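Engineer: Below is protein.txt; it holds compact mmCIF, C-alpha atoms.
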```
# COMPACT_ATOMS: atom_id res chain seq x y z
CA SER A 748 37.56 -18.86 -55.96
CA PRO A 749 36.63 -21.38 -53.24
CA PRO A 750 36.85 -20.16 -49.64
CA PRO A 751 39.98 -21.14 -47.75
CA PRO A 752 39.64 -24.28 -45.62
CA ARG A 753 38.64 -23.65 -42.03
CA THR A 754 41.22 -24.42 -39.42
CA HIS A 755 40.27 -25.59 -35.92
CA SER A 756 42.31 -24.65 -32.92
CA LEU A 757 42.80 -27.41 -30.33
CA ASP A 758 42.71 -24.69 -27.66
CA MET A 759 39.22 -23.41 -28.48
CA PRO A 760 36.50 -24.21 -25.87
CA LEU A 761 34.24 -27.16 -26.53
CA PRO A 762 30.54 -27.49 -25.60
CA TRP A 763 31.28 -30.24 -23.05
CA ASP A 764 34.25 -28.55 -21.38
CA HIS A 765 32.10 -27.80 -18.31
CA ILE A 766 31.96 -31.57 -17.59
CA ASP A 767 34.86 -32.64 -15.39
CA THR A 768 35.92 -36.03 -16.72
CA GLY A 769 39.28 -35.85 -15.00
CA ILE A 770 41.14 -36.20 -18.32
CA ASP A 771 43.82 -33.60 -18.92
CA LYS A 772 43.31 -31.44 -22.06
CA LYS A 773 47.03 -31.56 -22.84
CA TRP A 774 46.92 -35.36 -22.77
CA LEU A 775 43.98 -35.35 -25.21
CA LYS A 776 45.99 -33.25 -27.69
CA GLU A 777 48.93 -35.63 -27.44
CA ASP A 778 46.62 -38.63 -27.80
CA LEU A 779 45.10 -37.11 -30.95
CA GLN A 780 48.56 -36.74 -32.44
CA ARG A 781 49.36 -40.37 -31.57
CA ALA A 782 46.17 -41.43 -33.31
CA ILE A 783 47.05 -39.39 -36.42
CA ASP A 784 50.49 -41.02 -36.41
CA ALA A 785 48.84 -44.48 -36.03
CA ALA A 786 51.06 -45.13 -33.02
CA ILE A 787 50.44 -48.16 -30.81
CA VAL A 788 49.46 -47.07 -27.30
CA PRO A 789 49.86 -49.74 -24.62
CA ASP A 790 46.91 -50.53 -22.35
CA CYS A 791 47.50 -48.85 -19.00
CA SER A 792 45.83 -51.80 -17.25
CA PHE A 793 48.73 -54.02 -18.27
CA ASP A 794 51.49 -51.41 -18.73
CA GLY A 795 52.66 -48.19 -17.09
CA CYS A 796 50.41 -45.23 -16.37
CA SER A 797 49.77 -42.96 -19.37
CA HIS A 798 49.15 -39.92 -17.10
CA CYS A 799 45.84 -39.03 -18.70
CA GLY A 800 44.68 -37.30 -15.52
CA VAL A 801 41.89 -39.68 -14.50
CA CYS A 802 43.90 -41.47 -11.83
CA GLY A 803 44.59 -39.53 -8.64
CA THR A 804 43.43 -39.05 -5.09
CA ASP A 805 39.81 -38.42 -6.17
CA PHE A 806 39.41 -41.19 -8.76
CA GLY A 807 41.85 -43.77 -7.39
CA HIS A 808 45.28 -44.75 -8.60
CA ASN A 809 46.02 -46.96 -11.58
CA ILE A 810 46.74 -50.59 -10.68
CA VAL A 811 48.78 -52.47 -13.27
CA ILE A 812 47.55 -56.05 -13.62
CA PRO A 813 49.85 -58.63 -15.22
CA PRO A 814 48.13 -60.11 -18.30
CA GLN A 815 47.04 -63.73 -18.29
CA PRO A 816 49.11 -66.09 -20.44
CA ILE A 817 47.68 -66.86 -23.87
CA PRO A 818 46.71 -70.56 -23.97
CA GLU A 819 48.39 -72.72 -26.55
CA PHE A 820 46.33 -73.78 -29.56
CA ALA A 821 45.08 -77.30 -28.88
CA GLY A 822 43.56 -77.92 -32.32
CA GLU A 823 40.10 -77.47 -33.78
CA PHE A 824 37.09 -78.56 -31.71
CA VAL A 825 35.96 -82.03 -32.74
CA PRO A 826 32.39 -82.67 -31.52
CA ASN A 827 31.53 -86.05 -30.04
CA THR A 828 28.47 -87.26 -31.97
CA VAL A 829 28.06 -90.56 -30.11
CA SER A 830 24.60 -90.99 -28.55
CA ALA A 831 24.95 -93.28 -25.55
CA GLN A 832 22.05 -92.11 -23.37
CA ARG A 833 18.93 -89.98 -23.50
CA LEU A 834 17.61 -88.15 -20.42
CA ARG A 835 14.34 -86.26 -20.06
CA VAL A 836 14.42 -83.36 -17.60
CA ARG A 837 11.41 -81.58 -16.10
CA PHE A 838 12.21 -78.11 -14.84
CA GLY A 839 10.65 -74.77 -13.94
CA LYS A 840 11.10 -71.18 -15.04
CA GLN A 841 10.33 -68.76 -12.25
CA GLY A 842 11.02 -65.27 -10.93
CA ASP A 843 13.27 -63.10 -13.11
CA MET A 844 14.03 -66.07 -15.38
CA ALA A 845 10.56 -65.62 -16.87
CA LEU A 846 12.07 -62.65 -18.74
CA VAL A 847 14.68 -64.86 -20.45
CA SER A 848 13.78 -65.69 -24.05
CA HIS A 849 13.61 -69.23 -25.41
CA LEU A 850 16.83 -68.90 -27.43
CA ASP A 851 18.67 -67.48 -24.41
CA LEU A 852 17.33 -70.39 -22.34
CA LEU A 853 18.87 -72.80 -24.85
CA ARG A 854 22.23 -71.02 -24.53
CA LEU A 855 21.86 -71.09 -20.74
CA PHE A 856 21.47 -74.88 -20.69
CA ASP A 857 24.37 -75.27 -23.13
CA ARG A 858 26.67 -73.26 -20.85
CA ALA A 859 25.37 -74.97 -17.70
CA LEU A 860 26.21 -78.37 -19.19
CA ARG A 861 29.74 -77.24 -20.00
CA ARG A 862 30.16 -75.68 -16.58
CA ALA A 863 28.98 -78.92 -14.94
CA GLY A 864 31.29 -81.01 -17.16
CA LEU A 865 28.41 -83.20 -18.40
CA PRO A 866 29.13 -85.23 -21.58
CA ILE A 867 26.59 -83.80 -24.03
CA SER A 868 26.47 -85.27 -27.53
CA PHE A 869 26.63 -83.02 -30.61
CA THR A 870 25.05 -83.05 -34.03
CA GLY A 871 27.29 -83.47 -37.06
CA GLY A 872 27.73 -81.25 -40.09
CA PHE A 873 29.42 -77.89 -40.55
CA HIS A 874 27.76 -76.30 -37.51
CA PRO A 875 27.67 -78.84 -34.66
CA MET A 876 25.09 -78.12 -31.97
CA PRO A 877 24.53 -79.79 -28.58
CA ARG A 878 21.70 -82.31 -28.62
CA ILE A 879 19.29 -80.33 -26.42
CA SER A 880 15.63 -80.53 -27.43
CA PHE A 881 12.90 -78.54 -25.67
CA ALA A 882 9.36 -79.91 -25.87
CA ASN A 883 7.82 -76.49 -26.50
CA ALA A 884 8.85 -72.84 -26.28
CA LEU A 885 7.38 -70.82 -23.43
CA ALA A 886 6.13 -67.30 -24.10
CA LEU A 887 8.38 -64.51 -22.87
CA GLY A 888 7.22 -63.25 -19.46
CA ALA A 889 5.34 -66.45 -18.58
CA SER A 890 6.42 -68.55 -15.62
CA SER A 891 6.29 -72.34 -15.48
CA SER A 892 6.63 -75.37 -13.25
CA GLY A 893 6.33 -78.01 -15.96
CA GLU A 894 8.84 -77.53 -18.79
CA ILE A 895 10.44 -80.53 -20.52
CA VAL A 896 13.82 -80.81 -22.24
CA ASP A 897 15.61 -83.87 -23.67
CA PHE A 898 19.38 -84.36 -23.56
CA GLU A 899 21.49 -86.87 -25.44
CA LEU A 900 24.82 -87.77 -23.81
CA ASN A 901 27.91 -89.40 -25.28
CA GLN A 902 28.52 -91.24 -21.99
CA VAL A 903 26.15 -92.90 -19.55
CA VAL A 904 25.53 -90.80 -16.41
CA GLU A 905 23.39 -91.85 -13.45
CA ALA A 906 20.12 -89.86 -13.53
CA GLU A 907 20.31 -88.45 -10.00
CA ALA A 908 23.96 -87.42 -10.45
CA PHE A 909 23.01 -85.65 -13.69
CA ARG A 910 20.15 -83.84 -11.92
CA GLN A 911 22.37 -82.68 -9.08
CA GLN A 912 25.22 -81.48 -11.30
CA LEU A 913 22.86 -79.67 -13.68
CA ALA A 914 20.92 -78.02 -10.83
CA ASP A 915 24.17 -76.78 -9.24
CA ALA A 916 25.15 -75.08 -12.52
CA LEU A 917 21.75 -73.43 -13.15
CA PRO A 918 20.24 -70.31 -11.50
CA THR A 919 17.96 -70.94 -8.53
CA ASP A 920 14.97 -69.68 -10.57
CA ILE A 921 15.45 -72.67 -12.93
CA PRO A 922 14.65 -75.56 -10.55
CA VAL A 923 15.24 -79.10 -11.83
CA TYR A 924 12.43 -81.36 -10.59
CA ASN A 925 13.01 -84.72 -12.20
CA VAL A 926 15.36 -86.60 -14.55
CA GLU A 927 14.13 -89.70 -16.38
CA GLU A 928 16.25 -92.07 -18.45
CA LEU A 929 14.74 -93.02 -21.82
CA ASP A 930 15.42 -95.52 -24.53
CA LEU A 931 17.42 -93.98 -27.38
CA LYS A 932 14.79 -95.15 -29.88
CA LYS A 933 11.90 -93.51 -28.05
CA SER A 934 10.28 -90.50 -29.69
CA ALA A 935 11.42 -87.06 -28.59
CA ALA A 936 9.20 -84.93 -26.36
CA THR A 937 8.54 -82.54 -29.27
CA GLN A 938 6.89 -85.41 -31.18
CA LEU A 939 4.86 -86.71 -28.20
CA LEU A 940 3.53 -83.34 -27.03
CA GLU A 941 -0.28 -83.26 -26.97
CA ALA A 942 -1.56 -80.66 -24.49
CA ALA A 943 -0.59 -78.11 -21.87
CA GLU A 944 -2.16 -77.01 -18.59
CA TYR A 945 -2.08 -73.29 -17.75
CA LEU A 946 -3.02 -71.01 -14.89
CA ILE A 947 -3.94 -67.56 -16.17
CA THR A 948 -4.86 -64.42 -14.23
CA VAL A 949 -7.50 -62.38 -16.06
CA ALA A 950 -8.92 -58.97 -15.19
CA ALA A 951 -12.28 -57.47 -16.16
CA PHE A 952 -12.67 -53.70 -15.92
CA GLU A 953 -16.00 -54.02 -14.12
CA GLU A 954 -17.09 -55.33 -10.74
CA MET A 955 -18.20 -58.91 -11.36
CA PRO A 956 -19.43 -61.43 -8.75
CA SER A 957 -17.92 -64.91 -8.67
CA ALA A 958 -21.19 -66.36 -9.94
CA LYS A 959 -20.89 -64.29 -13.12
CA TRP A 960 -17.39 -65.66 -13.79
CA GLN A 961 -18.69 -69.20 -13.28
CA GLU A 962 -21.58 -68.51 -15.65
CA TRP A 963 -19.12 -67.48 -18.39
CA ILE A 964 -17.04 -70.64 -17.87
CA ASP A 965 -20.15 -72.83 -18.01
CA THR A 966 -21.26 -71.10 -21.21
CA ILE A 967 -17.92 -71.79 -22.86
CA LYS A 968 -18.17 -75.46 -21.85
CA THR A 969 -21.64 -75.81 -23.40
CA ARG A 970 -20.57 -74.27 -26.70
CA ASP A 971 -19.59 -76.61 -29.55
CA GLU A 972 -18.11 -73.86 -31.71
CA ILE A 973 -16.22 -70.65 -31.01
CA TRP A 974 -14.68 -69.45 -34.26
CA TYR A 975 -11.47 -67.45 -34.35
CA GLU A 976 -9.71 -65.82 -37.32
CA GLN A 977 -6.01 -66.65 -37.24
CA LYS A 978 -3.24 -65.23 -39.41
CA THR A 979 -0.39 -67.52 -40.50
CA LYS A 980 3.27 -66.51 -40.77
CA SER A 981 2.83 -66.16 -44.53
CA GLY A 982 0.10 -63.56 -43.99
CA LYS A 983 -2.86 -65.78 -44.92
CA THR A 984 -5.90 -65.92 -42.65
CA HIS A 985 -8.00 -68.94 -41.83
CA VAL A 986 -10.78 -69.63 -39.34
CA ILE A 987 -10.34 -72.21 -36.57
CA ASN A 988 -12.71 -73.60 -33.95
CA LEU A 989 -11.14 -72.81 -30.57
CA ARG A 990 -13.62 -75.04 -28.76
CA ASP A 991 -12.07 -78.12 -30.39
CA ARG A 992 -8.73 -77.18 -28.84
CA LEU A 993 -10.08 -76.64 -25.31
CA PHE A 994 -10.16 -79.85 -23.25
CA ASP A 995 -10.99 -78.47 -19.80
CA ILE A 996 -11.43 -75.11 -18.07
CA GLU A 997 -12.37 -74.14 -14.52
CA LEU A 998 -12.53 -71.08 -12.29
CA LEU A 999 -10.23 -71.30 -9.26
CA GLU A 1000 -10.54 -67.91 -7.60
CA THR A 1001 -12.02 -64.45 -8.06
CA LYS A 1002 -11.28 -61.11 -6.41
CA THR A 1003 -12.89 -57.67 -6.75
CA GLN A 1004 -10.98 -54.51 -5.89
CA LEU A 1005 -11.29 -50.87 -7.00
CA ALA A 1006 -13.95 -51.51 -9.65
CA GLU A 1007 -11.86 -54.28 -11.20
CA SER A 1008 -12.66 -57.98 -11.04
CA THR A 1009 -9.86 -60.54 -11.30
CA GLY A 1010 -10.22 -64.25 -11.96
CA ILE A 1011 -7.68 -67.10 -11.89
CA LEU A 1012 -8.51 -69.77 -14.46
CA ARG A 1013 -7.04 -73.21 -15.03
CA TYR A 1014 -7.35 -74.65 -18.49
CA VAL A 1015 -6.03 -77.60 -20.47
CA GLY A 1016 -5.69 -77.02 -24.17
CA SER A 1017 -4.09 -78.44 -27.27
CA CYS A 1018 -0.33 -77.85 -27.50
CA ARG A 1019 1.23 -79.61 -30.46
CA ASN A 1020 4.28 -78.52 -32.40
CA ASP A 1021 2.43 -78.77 -35.72
CA GLY A 1022 0.75 -75.46 -34.87
CA THR A 1023 -2.37 -76.85 -33.18
CA LEU A 1024 -2.21 -74.64 -30.09
CA LEU A 1025 -4.62 -72.99 -27.69
CA ARG A 1026 -2.87 -69.88 -26.43
CA PRO A 1027 -3.86 -67.98 -23.27
CA GLU A 1028 -4.77 -64.95 -25.40
CA GLN A 1029 -7.36 -67.11 -27.18
CA ILE A 1030 -9.00 -67.96 -23.84
CA LEU A 1031 -9.51 -64.20 -23.41
CA PHE A 1032 -11.14 -64.10 -26.84
CA MET A 1033 -13.52 -66.91 -25.82
CA LEU A 1034 -14.44 -65.07 -22.61
CA GLU A 1035 -15.11 -61.86 -24.51
CA GLN A 1036 -17.35 -63.75 -26.93
CA VAL A 1037 -19.63 -65.09 -24.17
CA ALA A 1038 -19.43 -62.15 -21.73
CA SER A 1039 -19.30 -59.06 -24.00
CA VAL A 1040 -16.80 -57.62 -21.52
CA GLU A 1041 -13.25 -56.41 -22.16
CA PHE A 1042 -10.58 -58.49 -20.42
CA GLN A 1043 -6.87 -58.11 -19.81
CA LEU A 1044 -4.36 -60.92 -19.33
CA LEU A 1045 -2.26 -60.22 -16.22
CA HIS A 1046 -0.13 -63.34 -15.85
CA ILE A 1047 0.52 -66.72 -17.48
CA HIS A 1048 1.83 -69.77 -15.62
CA ARG A 1049 2.26 -73.14 -17.33
CA ASN A 1050 1.56 -75.95 -14.87
CA GLN A 1051 2.62 -78.86 -17.05
CA LEU A 1052 3.16 -80.17 -20.55
CA ILE A 1053 1.22 -83.35 -21.32
CA LEU A 1054 2.86 -85.99 -23.54
CA GLY A 1055 1.05 -88.69 -25.48
CA SER A 1056 2.02 -92.34 -25.44
```
Let me see whether you can do it: turn the structure in this file into structure tokens.
Structural biologist:
Amino acid sequence: SPPPPRTHSLDMPLPWDHIDTGIDKKWLKEDLQRAIDAAIVPDCSFDGCSHCGVCGTDFGHNIVIPPQPIPEFAGEFVPNTVSAQRLRVRFGKQGDMALVSHLDLLRLFDRALRRAGLPISFTGGFHPMPRISFANALALGASSSGEIVDFELNQVVEAEAFRQQLADALPTDIPVYNVEELDLKKSAATQLLEAAEYLITVAAFEEMPSAKWQEWIDTIKTRDEIWYEQKTKSGKTHVINLRDRLFDIELLETKTQLAESTGILRYVGSCRNDGTLLRPEQILFMLEQVASVEFQLLHIHRNQLILGS
């Protein structure tokens, strides 16, 4: 015959009983019974005290807050899809905001526009979205002083007033530098994007004089081909010539400390949204090819995005 079911006493000691949570054991038993009975227990923040034991002279006394009134239903949201004006904004991404992802940055601008009361236009369809178009996504952790985003508004707003209202609603680490009014028929920044200028801080795990860094840069400039095996999102690999995507590179500063040499490089490389990109990590690959030294990328800063005509 099967063994009789085990019964648990609510008075038996529990492994966490030595932790003083302030909650009375008797109240926990009563609360368990209320849960078994599926009873509705009012929130003590908006109702009377439930006497659980937490509140008191040590933990503070319960303060009952009157609940806010529930707003009346004003109807479904109807997006305004009228495009009356297009504005191009140049902004930066600095400090702690460098750790905000691209998708979170899009949500940040959406909320900042609503907070500022600016008349953003929406797309149509079943899932309307605000007409906010970034020129190019910035890598997580990289800072920038040259990002570009396009806005389409359903009402005409003076450019300086738009800049001021948007800047007031954004964090201080997202400075707004410039707002330019564009013709509605002009191509978006994503279509005009051609190149990007970066400042990268690179470390070599050996003591290297400044002349050696300059020699590596000059060698890269004289090369016609530096081949790199790249894997696509589908998993296929193909070989590209990184030298074709590098337009300019120069050494700005070097520093040697504790058997480690650090160089700050400025480079201008291809940055198109069709996938023709020259990433900072690929500059490290080019350096390793000409120097036969292992490098580490310490910091990435995007100076500007360069648009074609």
Engineer: Could you pull out every residue with an atom within 7 Å of (18.0, -91.5, -15.0), file coordinates, counting all atoms listed in the file, and send them as number ranges by chain?
Structural biologist: A: 834, 905-907, 926-928
Engineer: From the set A:Pro762, A:Pro826, A:Pro818, A:Gly1022, which residue has the shortest atom-to-atom contact distance to Leu940 (chain A), counting only C-alpha atoms?
Structural biologist: A:Gly1022
Engineer: Using all atoms listed in the file, pick whichever of A:Lys978, A:Gln1004, A:Gly888, A:Arg861 has the shortest atom-to-atom distance to Val847 (chain A).
Structural biologist: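 Looking at the shortest contact to Val847 (chain A), the residue is A:Gly888.
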Engineer: Compile the contact shell of Phe873 (chain A) as number ranges by chain: residues with an atom at most 12 Å away, counting only C-alpha atoms, same-chain residues fewer than 2 positions apart removed.
Structural biologist: A: 824-826, 869-871, 875-876
Engineer: Separation of CA of Glu1000 (chain A) and CA of Lys959 (chain A), in Å?
Structural biologist: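 Separating CA of Glu1000 (chain A) from CA of Lys959 (chain A) is a distance of 12.3 Å.
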Engineer: To one decimal in Å, tell me the separation between CA of Cys802 (chain A) and CA of Ala785 (chain A).
Structural biologist: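 Separation between CA of Cys802 (chain A) and CA of Ala785 (chain A): 24.9 Å.
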Engineer: Which residues come within 9 Å of region 991-998 of chain A, counting only C-alpha atoms, excluding same-chain residues fewer than 3 positions away, as a ChimeraX atom specification?
Structural biologist: /A:942,957,960-961,964-965,967-968,971-973,987-988,1001,1010-1018,1023-1025,1030
Engineer: Extract, using only C-alpha atoms, all DNA, RNA and protein residues at most 9 Å from Asp897 (chain A), discarding same-chain residues fewer than 5 positions from it, and format them as a PyMOL selection string.
Structural biologist: chain A and resi 833-837+878-882+935-936
Engineer: How about saving the chosen residues, C-alpha atoms kept, as a compact mmCIF listing (two decimals), keeping the file's coordinate frame?
Structural biologist:
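The resulting file, result-v7.txt, is shown below:
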```txt
# COMPACT_ATOMS: atom_id res chain seq x y z
CA ARG A 833 18.93 -89.98 -23.50
CA LEU A 834 17.61 -88.15 -20.42
CA ARG A 835 14.34 -86.26 -20.06
CA VAL A 836 14.42 -83.36 -17.60
CA ARG A 837 11.41 -81.58 -16.10
CA ARG A 878 21.70 -82.31 -28.62
CA ILE A 879 19.29 -80.33 -26.42
CA SER A 880 15.63 -80.53 -27.43
CA PHE A 881 12.90 -78.54 -25.67
CA ALA A 882 9.36 -79.91 -25.87
CA ALA A 935 11.42 -87.06 -28.59
CA ALA A 936 9.20 -84.93 -26.36
```
Engineer: Excluding Leu1045 (chain A) and any residue of its chain fewer than 6 positions from it, enumerate the residues within 12 Å of it, using only C-alpha atoms, and give them as a short mmCIF file (atom, residue, chain, number, x, y, z; two decimals) with C-alpha atoms, in the frame of the given file.
Structural biologist:
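That gives us part.cif:
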```cif
data_model
loop_
_atom_site.label_atom_id
_atom_site.label_comp_id
_atom_site.auth_asym_id
_atom_site.auth_seq_id
_atom_site.Cartn_x
_atom_site.Cartn_y
_atom_site.Cartn_z
CA GLY A 888 7.22 -63.25 -19.46
CA ALA A 889 5.34 -66.45 -18.58
CA LEU A 946 -3.02 -71.01 -14.89
CA ILE A 947 -3.94 -67.56 -16.17
CA THR A 948 -4.86 -64.42 -14.23
CA VAL A 949 -7.50 -62.38 -16.06
CA ALA A 950 -8.92 -58.97 -15.19
CA ALA A 951 -12.28 -57.47 -16.16
CA SER A 1008 -12.66 -57.98 -11.04
CA THR A 1009 -9.86 -60.54 -11.30
CA GLY A 1010 -10.22 -64.25 -11.96
CA ILE A 1011 -7.68 -67.10 -11.89
CA LEU A 1012 -8.51 -69.77 -14.46
CA PRO A 1027 -3.86 -67.98 -23.27
CA GLU A 1028 -4.77 -64.95 -25.40
CA LEU A 1031 -9.51 -64.20 -23.41
#
```
Engineer: For CA of Asp857 (chain A) and CA of Asp915 (chain A), determine how far apart the two atoms are, in Å to one decimal place.
Structural biologist: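 Calculated distance between CA of Asp857 (chain A) and CA of Asp915 (chain A) is 14.0 Å.
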Engineer: Give me the residues near Phe838 (chain A) as a ChimeraX atom specification, where near means some atom within 12 Å (using all atoms listed in the file) and where sequence neighbours in that chain fewer than 6 positions away do not count.
Structural biologist: /A:852,856,881-882,890-897,910,913-914,917-927,1049-1052
Engineer: If you take every atom of region 934-946 of chain A that the file lists and fit an axis-aligned box around them with 8 Å extra on each side, what centre and edge lengths come out in Å to one decimal, as lines of an AutoDock Vina configuration file?
Structural biologist:
```
center_x = 4.2
center_y = -80.8
center_z = -23.0
size_x = 30.4
size_y = 35.5
size_z = 32.3
```
Engineer: Which of these residues is nearest to Thr828 (chain A), using all atoms listed in the file: A:Leu900, A:Trp774, A:Asp851, A:Ala845?
Structural biologist: A:Leu900
Engineer: Using all atoms listed in the file, find the one residue out of A:Pro866, A:Leu931, A:Pro877, A:Glu944 that sits nearest to Phe909 (chain A).
Structural biologist: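 When distances to Phe909 (chain A) are compared using all atoms listed in the file, the smallest one comes from A:Pro866.
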Engineer: Calculated over all atoms listed in the file, which of the candidates A:Gln841, A:Gln902, A:Ser756, A:Thr969 has the smallest distance to Ser868 (chain A)?
Structural biologist: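 Looking at the shortest contact to Ser868 (chain A), the residue is A:Gln902.
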Engineer: Using only C-alpha atoms, find the one residue out of A:Ser792, A:Asn809, A:Asn1020, A:Gln1029 that sits nearest to Gln1043 (chain A).
Structural biologist: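 Once distances to Gln1043 (chain A) are computed over only C-alpha atoms, the minimum belongs to A:Gln1029.
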Engineer: Any chance you could model N, CA, C and O atoms for region 936-955 of chain A and send them as a short mmCIF file (atom, residue, chain, number, x, y, z; two decimals), keeping the file's coordinate frame?
Structural biologist:
```
data_model
loop_
_atom_site.label_atom_id
_atom_site.label_comp_id
_atom_site.auth_asym_id
_atom_site.auth_seq_id
_atom_site.Cartn_x
_atom_site.Cartn_y
_atom_site.Cartn_z
N ALA A 936 10.34 -85.59 -27.00
CA ALA A 936 9.20 -84.93 -26.36
C ALA A 936 8.47 -84.01 -27.35
O ALA A 936 7.25 -83.86 -27.26
N THR A 937 9.19 -83.42 -28.28
CA THR A 937 8.54 -82.54 -29.27
C THR A 937 7.54 -83.29 -30.13
O THR A 937 6.55 -82.73 -30.58
N GLN A 938 7.80 -84.61 -30.36
CA GLN A 938 6.89 -85.41 -31.18
C GLN A 938 5.72 -85.96 -30.36
O GLN A 938 4.65 -86.23 -30.92
N LEU A 939 5.90 -86.13 -29.05
CA LEU A 939 4.86 -86.71 -28.20
C LEU A 939 3.94 -85.67 -27.59
O LEU A 939 2.91 -86.02 -27.02
N LEU A 940 4.28 -84.40 -27.70
CA LEU A 940 3.53 -83.34 -27.03
C LEU A 940 2.09 -83.27 -27.55
O LEU A 940 1.86 -83.22 -28.76
N GLU A 941 1.13 -83.28 -26.61
CA GLU A 941 -0.28 -83.26 -26.97
C GLU A 941 -1.02 -82.04 -26.42
O GLU A 941 -1.82 -81.43 -27.11
N ALA A 942 -0.77 -81.71 -25.14
CA ALA A 942 -1.56 -80.66 -24.49
C ALA A 942 -0.72 -79.97 -23.45
O ALA A 942 0.39 -80.39 -23.11
N ALA A 943 -1.26 -78.87 -22.92
CA ALA A 943 -0.59 -78.11 -21.87
C ALA A 943 -1.65 -77.60 -20.90
O ALA A 943 -2.77 -77.27 -21.29
N GLU A 944 -1.27 -77.54 -19.62
CA GLU A 944 -2.16 -77.01 -18.59
C GLU A 944 -1.61 -75.66 -18.12
O GLU A 944 -0.43 -75.55 -17.77
N TYR A 945 -2.49 -74.66 -18.10
CA TYR A 945 -2.08 -73.29 -17.75
C TYR A 945 -2.92 -72.77 -16.58
O TYR A 945 -4.08 -73.16 -16.39
N LEU A 946 -2.30 -71.88 -15.83
CA LEU A 946 -3.02 -71.01 -14.89
C LEU A 946 -2.89 -69.59 -15.42
O LEU A 946 -1.77 -69.12 -15.64
N ILE A 947 -4.00 -68.92 -15.65
CA ILE A 947 -3.94 -67.56 -16.17
C ILE A 947 -4.73 -66.64 -15.24
O ILE A 947 -5.77 -67.01 -14.71
N THR A 948 -4.19 -65.44 -15.03
CA THR A 948 -4.86 -64.42 -14.23
C THR A 948 -5.44 -63.39 -15.19
O THR A 948 -4.72 -62.77 -15.97
N VAL A 949 -6.76 -63.21 -15.11
CA VAL A 949 -7.50 -62.38 -16.06
C VAL A 949 -8.25 -61.30 -15.29
O VAL A 949 -8.81 -61.56 -14.22
N ALA A 950 -8.23 -60.09 -15.83
CA ALA A 950 -8.92 -58.97 -15.19
C ALA A 950 -10.02 -58.44 -16.09
O ALA A 950 -9.84 -58.31 -17.30
N ALA A 951 -11.17 -58.15 -15.49
CA ALA A 951 -12.28 -57.47 -16.16
C ALA A 951 -12.42 -56.08 -15.56
O ALA A 951 -12.33 -55.92 -14.34
N PHE A 952 -12.63 -55.09 -16.40
CA PHE A 952 -12.67 -53.70 -15.92
C PHE A 952 -14.06 -53.32 -15.42
O PHE A 952 -14.55 -52.21 -15.66
N GLU A 953 -14.70 -54.25 -14.75
CA GLU A 953 -16.00 -54.02 -14.12
C GLU A 953 -16.06 -54.89 -12.87
O GLU A 953 -15.38 -55.92 -12.78
N GLU A 954 -16.89 -54.50 -11.92
CA GLU A 954 -17.09 -55.33 -10.74
C GLU A 954 -18.00 -56.50 -11.11
O GLU A 954 -19.14 -56.31 -11.54
N MET A 955 -17.47 -57.72 -10.98
CA MET A 955 -18.20 -58.91 -11.36
C MET A 955 -18.21 -59.90 -10.19
O MET A 955 -17.16 -60.22 -9.64
#
```
